[in-house]
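So this one's coords.csv, CSV, C-alpha atoms:
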```
chain,number,residue,atom,x,y,z
A,1,MET,CA,-13.9,-9.3,-9.2
A,2,CYS,CA,-11.3,-11.9,-10.1
A,3,PHE,CA,-9.5,-14.3,-7.8
A,4,PHE,CA,-6.4,-14.8,-8.7
A,5,ASN,CA,28.5,15.3,1.3
A,6,LYS,CA,40.1,21.3,4.1
A,7,LEU,CA,38.9,21.1,7.8
A,8,THR,CA,41.3,21.9,10.6
A,9,ARG,CA,41.9,19.3,13.2
A,10,ALA,CA,39.9,21.3,15.7
A,11,GLY,CA,37.0,21.4,13.3
A,12,LEU,CA,37.1,17.6,13.0
A,13,ILE,CA,37.1,17.2,16.8
A,14,PHE,CA,34.2,19.6,17.1
A,15,LEU,CA,32.1,17.8,14.4
A,16,SER,CA,32.8,14.4,16.0
A,17,LEU,CA,31.6,15.7,19.4
A,18,LEU,CA,28.3,16.9,17.8
A,19,ALA,CA,27.7,13.6,16.2
A,20,THR,CA,28.2,11.8,19.4
A,21,LEU,CA,25.8,14.0,21.3
A,22,PHE,CA,23.2,13.6,18.6
A,23,SER,CA,23.6,9.8,18.6
A,24,ALA,CA,23.1,9.7,22.4
A,25,ASN,CA,20.0,11.8,22.3
A,26,SER,CA,18.5,9.8,19.5
A,27,PHE,CA,18.2,6.7,21.7
A,28,ALA,CA,15.5,8.4,23.7
A,29,LEU,CA,12.7,6.0,23.5
A,30,SER,CA,11.8,3.0,25.6
A,31,CYS,CA,8.7,1.1,24.4
A,32,LYS,CA,7.2,-1.9,26.3
A,33,ASP,CA,3.8,-3.6,26.6
A,34,ALA,CA,1.4,-1.1,28.0
A,35,PHE,CA,-0.4,-3.5,30.2
A,36,THR,CA,2.3,-5.9,31.4
A,37,GLY,CA,5.5,-3.9,31.0
A,38,SER,CA,6.9,-6.9,29.1
A,39,ALA,CA,9.7,-6.3,26.6
A,40,LYS,CA,9.6,-9.7,25.0
A,41,GLN,CA,7.2,-11.9,23.1
A,42,VAL,CA,8.0,-15.4,21.9
A,43,ILE,CA,5.9,-16.8,19.1
A,44,SER,CA,6.4,-20.5,19.3
A,45,LEU,CA,5.6,-23.0,16.6
A,46,ASP,CA,4.8,-25.7,19.1
A,47,GLN,CA,2.7,-27.8,16.7
A,48,PRO,CA,3.8,-29.5,13.5
A,49,ILE,CA,3.5,-27.3,10.4
A,50,ASN,CA,3.0,-29.3,7.3
A,51,VAL,CA,4.1,-27.9,4.0
A,52,SER,CA,3.2,-29.4,0.6
A,53,THR,CA,6.3,-30.2,-1.5
A,54,ALA,CA,4.2,-29.2,-4.5
A,55,ASN,CA,3.9,-25.6,-3.4
A,56,LEU,CA,7.5,-24.3,-3.0
A,57,GLN,CA,7.6,-21.7,-5.7
A,58,PRO,CA,9.1,-18.3,-4.6
A,59,GLY,CA,6.7,-16.3,-2.5
A,60,GLN,CA,4.3,-19.1,-1.9
A,61,LEU,CA,2.7,-18.7,1.6
A,62,LEU,CA,3.4,-21.8,3.7
A,63,TRP,CA,2.1,-20.7,7.1
A,64,ARG,CA,0.7,-17.7,8.9
A,65,SER,CA,0.2,-17.1,12.6
A,66,GLN,CA,-2.9,-15.6,14.3
A,67,THR,CA,-3.1,-11.8,14.3
A,68,PHE,CA,-1.6,-10.3,17.4
A,69,SER,CA,-2.9,-7.0,18.8
A,70,SER,CA,-0.4,-5.3,21.1
A,71,THR,CA,-0.4,-1.9,22.7
A,72,PHE,CA,3.0,-0.4,23.6
A,73,LYS,CA,3.7,2.5,26.0
A,74,CYS,CA,6.7,4.6,24.9
A,75,GLU,CA,8.7,6.8,27.3
A,76,ASP,CA,11.3,9.5,26.9
A,77,THR,CA,14.2,8.0,28.9
A,78,ASP,CA,17.1,10.3,27.7
A,79,GLY,CA,15.6,13.8,27.6
A,80,PHE,CA,14.3,14.3,24.1
A,81,PRO,CA,11.5,16.7,24.9
A,82,LYS,CA,10.3,17.4,21.3
A,83,GLY,CA,8.9,14.0,21.0
A,84,GLU,CA,9.8,11.0,18.8
A,85,ASN,CA,8.0,8.6,16.5
A,86,ALA,CA,8.0,4.9,17.2
A,87,TYR,CA,9.0,2.3,14.5
A,88,LEU,CA,9.3,-1.4,14.0
A,89,TRP,CA,13.0,-2.0,13.5
A,90,TRP,CA,13.4,-5.2,11.6
A,91,ASP,CA,15.8,-8.1,12.5
A,92,PRO,CA,17.4,-6.3,15.5
A,93,THR,CA,19.9,-9.1,16.2
A,94,LYS,CA,20.7,-9.6,12.5
A,95,LEU,CA,20.0,-13.4,12.7
A,96,VAL,CA,16.9,-13.8,10.7
A,97,ARG,CA,19.0,-14.0,7.5
A,98,SER,CA,20.6,-17.2,9.0
A,99,ILE,CA,17.3,-19.1,8.8
A,100,HIS,CA,17.4,-22.0,6.3
A,101,ASN,CA,17.4,-20.6,2.8
A,102,SER,CA,14.3,-22.5,1.7
A,103,LEU,CA,12.2,-20.3,4.1
A,104,GLN,CA,11.5,-16.6,4.4
A,105,VAL,CA,10.1,-15.6,7.8
A,106,GLY,CA,8.5,-12.2,8.0
A,107,VAL,CA,5.8,-10.0,9.5
A,108,THR,CA,2.5,-8.8,8.2
A,109,PHE,CA,1.7,-5.2,9.4
A,110,LYS,CA,-1.3,-3.3,8.1
A,111,SER,CA,-1.9,-6.0,5.6
A,112,VAL,CA,1.6,-5.6,4.1
A,113,ASP,CA,4.1,-8.4,4.2
A,114,TYR,CA,7.6,-7.2,5.4
A,115,ASN,CA,10.7,-9.3,4.8
A,116,PRO,CA,12.8,-8.3,7.9
A,117,VAL,CA,16.0,-6.6,6.8
A,118,ALA,CA,18.4,-5.4,9.5
A,119,GLN,CA,18.7,-1.6,9.9
A,120,GLN,CA,15.4,-1.0,8.1
A,121,ASN,CA,12.2,0.2,9.8
A,122,THR,CA,8.5,0.9,9.4
A,123,LEU,CA,6.7,3.8,11.0
A,124,VAL,CA,4.1,2.9,13.7
A,125,GLY,CA,3.1,6.3,15.1
A,126,PRO,CA,4.0,9.0,17.8
A,127,GLY,CA,5.9,7.4,20.7
A,128,THR,CA,6.3,10.6,22.6
A,129,VAL,CA,5.1,14.2,22.0
A,130,CYS,CA,6.1,17.6,23.2
A,131,ARG,CA,4.8,19.0,26.5
A,132,PRO,CA,4.7,22.8,25.8
A,133,ASN,CA,6.6,24.9,28.4
A,134,GLY,CA,4.7,28.1,27.6
A,135,ARG,CA,7.8,29.7,26.1
A,136,GLY,CA,7.6,28.1,22.7
A,137,GLY,CA,9.6,25.1,23.7
A,138,CYS,CA,9.0,21.7,25.3
A,139,ARG,CA,9.4,20.4,28.8
A,140,SER,CA,11.5,17.3,29.5
A,141,PRO,CA,10.7,14.5,29.5
A,142,ALA,CA,8.4,14.3,26.5
A,143,GLN,CA,4.8,13.1,27.1
A,144,SER,CA,4.4,9.3,26.8
A,145,GLN,CA,2.1,7.9,24.2
A,146,THR,CA,0.7,4.5,23.4
A,147,VAL,CA,0.8,2.9,20.0
A,148,LYS,CA,-1.3,-0.1,18.9
A,149,VAL,CA,0.2,-2.6,16.5
A,150,GLU,CA,-1.6,-5.5,14.9
A,151,TYR,CA,0.6,-8.0,13.1
A,152,SER,CA,1.0,-11.6,12.2
A,153,VAL,CA,4.0,-13.7,11.3
A,154,TYR,CA,4.3,-15.5,8.0
A,155,ILE,CA,6.5,-18.2,6.5
A,156,LYS,CA,7.0,-18.3,2.7
A,157,ALA,CA,8.9,-20.4,0.3
A,158,THR,CA,12.0,-18.9,-1.4
A,159,GLY,CA,12.2,-21.4,-4.2
A,160,ASN,CA,15.3,-23.0,-2.8
A,161,PRO,CA,15.0,-26.7,-2.0
A,162,PRO,CA,14.1,-27.8,1.5
A,163,PRO,CA,16.4,-30.0,3.5
A,164,GLN,CA,16.9,-33.5,2.1
A,165,SER,CA,15.4,-35.0,5.2
A,166,GLY,CA,12.2,-33.1,4.7
A,167,GLN,CA,12.5,-31.6,8.2
A,168,ILE,CA,13.8,-28.1,9.3
A,169,THR,CA,16.3,-28.7,12.1
A,170,ASP,CA,16.2,-25.3,13.9
A,171,ASN,CA,15.0,-24.5,17.4
A,172,ASN,CA,16.7,-21.1,17.7
A,173,GLN,CA,14.9,-17.9,18.7
A,174,TYR,CA,14.9,-15.1,16.1
A,175,ALA,CA,14.0,-11.5,16.9
A,176,LEU,CA,11.8,-10.3,14.1
A,177,PHE,CA,11.4,-6.7,15.2
A,178,GLN,CA,12.0,-4.2,18.0
A,179,VAL,CA,9.7,-1.2,18.8
A,180,ASP,CA,12.1,1.8,19.0
A,181,GLY,CA,12.6,5.4,18.1
A,182,VAL,CA,13.9,7.3,15.0
A,183,GLY,CA,17.6,7.0,16.1
A,184,GLY,CA,17.8,3.3,15.9
A,185,LEU,CA,18.1,0.4,18.3
A,186,ASN,CA,18.2,1.1,22.0
A,187,SER,CA,21.0,-1.1,23.3
A,188,ARG,CA,19.9,-1.1,27.0
A,189,PRO,CA,18.7,-4.7,27.8
A,190,ASP,CA,15.0,-5.1,28.2
A,191,SER,CA,14.2,-1.5,27.4
A,192,ASN,CA,12.3,-2.1,24.2
A,193,PHE,CA,9.8,-4.7,23.1
A,194,ARG,CA,11.0,-7.4,20.8
A,195,SER,CA,9.0,-10.1,19.1
A,196,TYR,CA,10.7,-13.5,18.5
A,197,ILE,CA,9.8,-16.6,16.7
A,198,THR,CA,11.0,-20.1,17.6
A,199,GLY,CA,10.2,-23.7,16.8
A,200,LEU,CA,11.0,-23.7,13.1
A,201,GLY,CA,12.1,-27.3,13.7
A,202,ASN,CA,8.4,-28.2,13.6
A,203,ILE,CA,8.2,-27.5,9.9
A,204,ARG,CA,7.8,-30.7,7.9
A,205,PHE,CA,7.5,-31.1,4.1
A,206,ILE,CA,4.8,-33.5,3.1
A,207,SER,CA,3.2,-35.0,0.0
A,208,CYS,CA,-0.1,-33.3,-0.2
A,209,ASN,CA,-1.3,-31.1,-3.1
A,210,PRO,CA,-5.0,-30.3,-3.1
A,211,GLN,CA,-6.5,-28.7,-6.2
A,212,ILE,CA,-8.0,-25.4,-5.2
A,213,THR,CA,-10.8,-23.8,-7.3
A,214,VAL,CA,-13.1,-20.8,-6.9
A,215,VAL,CA,-16.7,-21.3,-7.9
A,216,ALA,CA,-18.7,-18.1,-8.6
A,217,ASN,CA,-21.5,-16.9,-10.8
A,218,ASN,CA,-19.1,-16.4,-13.7
A,219,GLY,CA,-16.6,-19.2,-13.4
A,220,SER,CA,-14.0,-18.1,-10.9
A,221,THR,CA,-15.2,-14.5,-11.3
A,222,VAL,CA,-17.8,-12.8,-9.1
A,223,ASN,CA,-19.9,-10.6,-11.5
A,224,PHE,CA,-21.9,-7.9,-9.7
A,225,GLY,CA,-23.8,-7.0,-12.9
A,226,LYS,CA,-25.1,-3.5,-13.5
A,227,ILE,CA,-25.4,-1.3,-10.5
A,228,PRO,CA,-26.9,2.3,-10.7
A,229,ALA,CA,-24.5,4.9,-9.4
A,230,ARG,CA,-27.5,6.9,-8.2
A,231,ASN,CA,-27.9,4.3,-5.4
A,232,ALA,CA,-24.7,5.4,-3.7
A,233,VAL,CA,-25.0,6.1,0.0
A,234,VAL,CA,-21.7,6.2,2.0
A,235,GLY,CA,-21.3,3.0,4.1
A,236,LYS,CA,-24.2,1.1,2.5
A,237,ILE,CA,-23.7,-2.4,1.3
A,238,GLU,CA,-25.3,-2.3,-2.1
A,239,LYS,CA,-25.0,-6.0,-3.1
A,240,GLN,CA,-23.6,-9.3,-1.9
A,241,MET,CA,-22.7,-12.1,-4.2
A,242,PRO,CA,-21.8,-15.7,-3.1
A,243,PHE,CA,-18.8,-17.7,-4.1
A,244,SER,CA,-17.1,-20.8,-2.7
A,245,VAL,CA,-13.5,-22.1,-2.3
A,246,GLU,CA,-13.2,-25.7,-3.0
A,247,ALA,CA,-10.3,-28.1,-2.2
A,248,ASN,CA,-10.3,-31.4,-4.1
A,249,LEU,CA,-8.1,-34.0,-2.3
A,250,THR,CA,-8.6,-36.7,-4.8
A,251,GLY,CA,-5.1,-38.0,-5.7
A,252,ALA,CA,-3.6,-35.2,-3.7
A,253,GLY,CA,-1.1,-37.4,-1.8
A,254,GLN,CA,-0.9,-39.7,1.1
A,255,ASP,CA,-0.2,-37.1,3.8
A,256,CYS,CA,-3.4,-35.0,3.4
A,257,GLN,CA,-5.8,-36.8,5.7
A,258,GLY,CA,-6.2,-35.3,9.2
A,259,LYS,CA,-4.9,-31.9,8.3
A,260,THR,CA,-6.8,-28.6,8.5
A,261,LEU,CA,-6.8,-26.3,5.5
A,262,MET,CA,-6.4,-22.6,6.0
A,263,ALA,CA,-6.9,-19.8,3.5
A,264,SER,CA,-5.9,-16.2,3.4
A,265,PHE,CA,-6.8,-13.5,0.8
A,266,SER,CA,-4.4,-11.0,-0.6
A,267,THR,CA,-4.5,-8.4,-3.4
A,268,THR,CA,-2.3,-6.2,-5.5
A,269,TYR,CA,-5.1,-3.6,-5.7
A,270,PRO,CA,-5.3,-0.6,-3.3
A,271,THR,CA,-7.0,-1.4,0.0
A,272,GLN,CA,-8.7,0.6,2.7
A,273,ASP,CA,-8.8,-0.4,6.4
A,274,THR,CA,-7.1,-3.7,5.5
A,275,THR,CA,-10.5,-5.2,4.5
A,276,THR,CA,-11.8,-3.2,1.5
A,277,ILE,CA,-10.4,-3.9,-2.0
A,278,LEU,CA,-10.5,-0.8,-4.3
A,279,PRO,CA,-10.7,-1.1,-8.1
A,280,THR,CA,-8.9,2.3,-8.1
A,281,SER,CA,-7.8,4.6,-5.2
A,282,ASN,CA,-10.6,7.0,-6.0
A,283,SER,CA,-13.3,4.5,-7.2
A,284,GLY,CA,-15.8,5.6,-4.6
A,285,PHE,CA,-16.7,2.0,-3.7
A,286,GLY,CA,-14.9,-1.2,-2.7
A,287,ILE,CA,-15.3,-4.9,-2.3
A,288,LEU,CA,-15.2,-6.8,1.0
A,289,ILE,CA,-15.1,-10.5,1.7
A,290,SER,CA,-16.8,-12.4,4.4
A,291,LYS,CA,-17.8,-15.9,5.3
A,292,ALA,CA,-21.3,-16.7,4.2
A,293,ASP,CA,-22.5,-17.5,7.8
A,294,THR,CA,-21.1,-14.2,9.1
A,295,PRO,CA,-22.1,-11.9,6.2
A,296,LEU,CA,-21.1,-8.6,7.8
A,297,THR,CA,-17.8,-9.7,9.5
A,298,TRP,CA,-15.2,-8.6,7.0
A,299,ILE,CA,-12.1,-10.6,6.5
A,300,PRO,CA,-8.8,-8.6,6.6
A,301,MET,CA,-6.3,-9.2,3.9
A,302,ASN,CA,-3.5,-11.7,4.8
A,303,THR,CA,-5.5,-13.1,7.7
A,304,PRO,CA,-5.9,-16.9,7.8
A,305,GLN,CA,-9.4,-18.4,7.8
A,306,THR,CA,-10.3,-22.0,8.3
A,307,LEU,CA,-11.5,-23.8,5.2
A,308,GLY,CA,-12.0,-27.2,6.9
A,309,TYR,CA,-10.7,-30.4,8.3
A,310,ILE,CA,-9.5,-32.9,5.7
A,311,ASN,CA,-11.5,-36.1,6.2
A,312,GLY,CA,-12.6,-37.0,2.7
A,313,SER,CA,-12.2,-36.0,-0.9
A,314,VAL,CA,-13.6,-32.5,-1.2
A,315,ILE,CA,-13.8,-29.4,1.1
A,316,SER,CA,-16.0,-26.5,0.2
A,317,THR,CA,-16.4,-23.2,2.1
A,318,ASN,CA,-18.9,-20.5,1.2
A,319,PHE,CA,-18.0,-16.8,1.1
A,320,LEU,CA,-19.6,-13.5,0.1
A,321,ALA,CA,-18.2,-10.7,-1.9
A,322,SER,CA,-19.9,-7.4,-1.0
A,323,LEU,CA,-20.0,-4.1,-2.8
A,324,LYS,CA,-19.8,-1.1,-0.4
A,325,TRP,CA,-20.3,2.6,-1.3
A,326,LEU,CA,-17.5,4.9,-0.1
A,327,SER,CA,-18.7,8.0,-1.8
A,328,THR,CA,-21.9,9.5,-3.1
A,329,THR,CA,-20.2,10.2,-6.5
A,330,PRO,CA,-18.6,6.9,-7.4
A,331,LYS,CA,-16.8,6.4,-10.7
A,332,GLU,CA,-19.0,5.0,-13.4
A,333,GLY,CA,-18.2,2.4,-16.0
A,334,MET,CA,-16.8,-1.1,-16.0
A,335,PHE,CA,-14.6,-2.1,-13.0
A,336,ASN,CA,-12.3,-5.0,-12.0
A,337,ALA,CA,-10.5,-6.0,-8.8
A,338,SER,CA,-8.9,-9.2,-7.9
A,339,ALA,CA,-7.9,-11.2,-4.8
A,340,ASN,CA,-5.5,-14.1,-4.5
A,341,ILE,CA,-6.2,-17.1,-2.2
A,342,ASP,CA,-3.3,-18.8,-0.5
A,343,VAL,CA,-4.1,-22.2,1.0
A,344,THR,CA,-1.9,-23.6,3.8
A,345,PHE,CA,-2.0,-26.4,6.3
A,346,LYS,CA,-2.5,-26.3,10.0
```
Just give me the structure as structure tokens.
Amino acid sequence: MCFFNKLTRAGLIFLSLLATLFSANSFALSCKDAFTGSAKQVISLDQPINVSTANLQPGQLLWRSQTFSSTFKCEDTDGFPKGENAYLWWDPTKLVRSIHNSLQVGVTFKSVDYNPVAQQNTLVGPGTVCRPNGRGGCRSPAQSQTVKVEYSVYIKATGNPPPQSGQITDNNQYALFQVDGVGGLNSRPDSNFRSYITGLGNIRFISCNPQITVVANNGSTVNFGKIPARNAVVGKIEKQMPFSVEANLTGAGQDCQGKTLMASFSTTYPTQDTTTILPTSNSGFGILISKADTPLTWIPMNTPQTLGYINGSVISTNFLASLKWLSTTPKEGMFNASANIDVTFK
């Protein structure tokens, strides 16, 4: 595992009426926090976020929030008895694109990073479902459902230069997504949950560039060696191998001291349950990562973990890579999978 489509006028009127009726019925879903009934969340950057001026290449992760776990109750408010799926509709107010062009602010959902683009959406699950009427149809209103969404917010560099002052001057609120139905955004105020971010003015670009290295049993590679396929038992952890992530602060810059380093793992390989890296989609086994002191607590991809507080020249944090059987007939032969490590400041 390495780290790294000639109508008469009447016909036109008729078609227009149908389109209007369909549009009205499509805004049939209201989704709010299942426990509080709230339709708004504000994620506030209320503490300074320090960004190294040496790590501003496009796509470089600069900051990631905690992972939020929210349950939403969706209701049929406009008589759509057949039921409707719920979606995350991105950038509902079309303002995210006005954020300073040195930054990309987005949402991580199911371990996938989404750059919010207005009028695009991502499926969450059934918001309402049919209540059978006994005659082959559905009773109105549709049956309410709850959907659980786990997500975090990220900030990445775009490759454009930061403000000359080194400080982002922006304290606006930006709606990242709205939980809504297949027909698009419900325009009724406070009818659907929106998640906002504010406090981008707390982002400061600093001079700190630690050297990050991975130390394993084969350089920066974790080598599991030869493992008999006959050992495969679904769910069993066959082998755990240690590795460490080291941050060398020697000569890294004057602004490093007193900061907390955070790390998150990501991969371009297939994953399962956000935690298991698969060499191939049908490999029959996968690799999981944990901290050495919590060997069976798996780290989800794109989830920040504390490396340590900078109060010296070197920070070293120990991890484990674990091989887990997912099938009793795994693929045999050489395998390779990789994970990237993004290090940020807190």
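For the set A:Ser187, A:Gln145, A:Thr267, A:Thr328, the residue with the smallest atom-to-atom gap to Pro279 of chain A is A:Thr267, counting all atoms listed in the file.
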Among the residues A:Thr122, A:Thr213, A:Ser207, A:Asn302, the one that comes closest to Thr274 of chain A [using all atoms listed in the file]: A:Asn302
Here atom CA of Ser264 of chain A and atom CA of Val107 of chain A stand apart by 14.6 Å
Would you work out the distance separating atom CA of Pro126 of chain A from atom CA of Ser65 of chain A, expressed in Å to one decimal? 26.9 Å
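Between atom CA of Ala175 of chain A and atom CA of Tyr151 of chain A the interatomic distance comes to 14.4 Å.
Close contacts of Gln66 of chain A, defined as residues with an atom at most 12 Å away when counting only C-alpha atoms, with chain neighbours fewer than 3 positions off set aside, comprise Ile43, Ser44, Leu45, Trp63, Ser69, Val107, Thr108, Glu150, Tyr151, Ser152, Val153, Tyr154, Met262, Ser264, Pro300, Asn302, Thr303, Pro304, Gln305, Thr306 and Lys346 of chain A.
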Spatial neighbours of Asn121 of chain A, 6 Å, only C-alpha atoms, chain gap at least 2 places, as a ChimeraX atom specification: /A:88-90
Could you pull the residues within 8 Å of Asn115 of chain A, counting all atoms listed in the file, minus those fewer than 6 positions along the same chain, as a PDB file with C-alpha atoms, in the coordinates of the input?
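Resulting contents of part-v2.pdb:
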```pdb
ATOM      1  CA  GLN A 104      11.500 -16.600   4.400  1.00  0.00           C
ATOM      2  CA  VAL A 105      10.100 -15.600   7.800  1.00  0.00           C
ATOM      3  CA  GLY A 106       8.500 -12.200   8.000  1.00  0.00           C
ATOM      4  CA  VAL A 107       5.800 -10.000   9.500  1.00  0.00           C
TER       5      VAL A 107
END
```
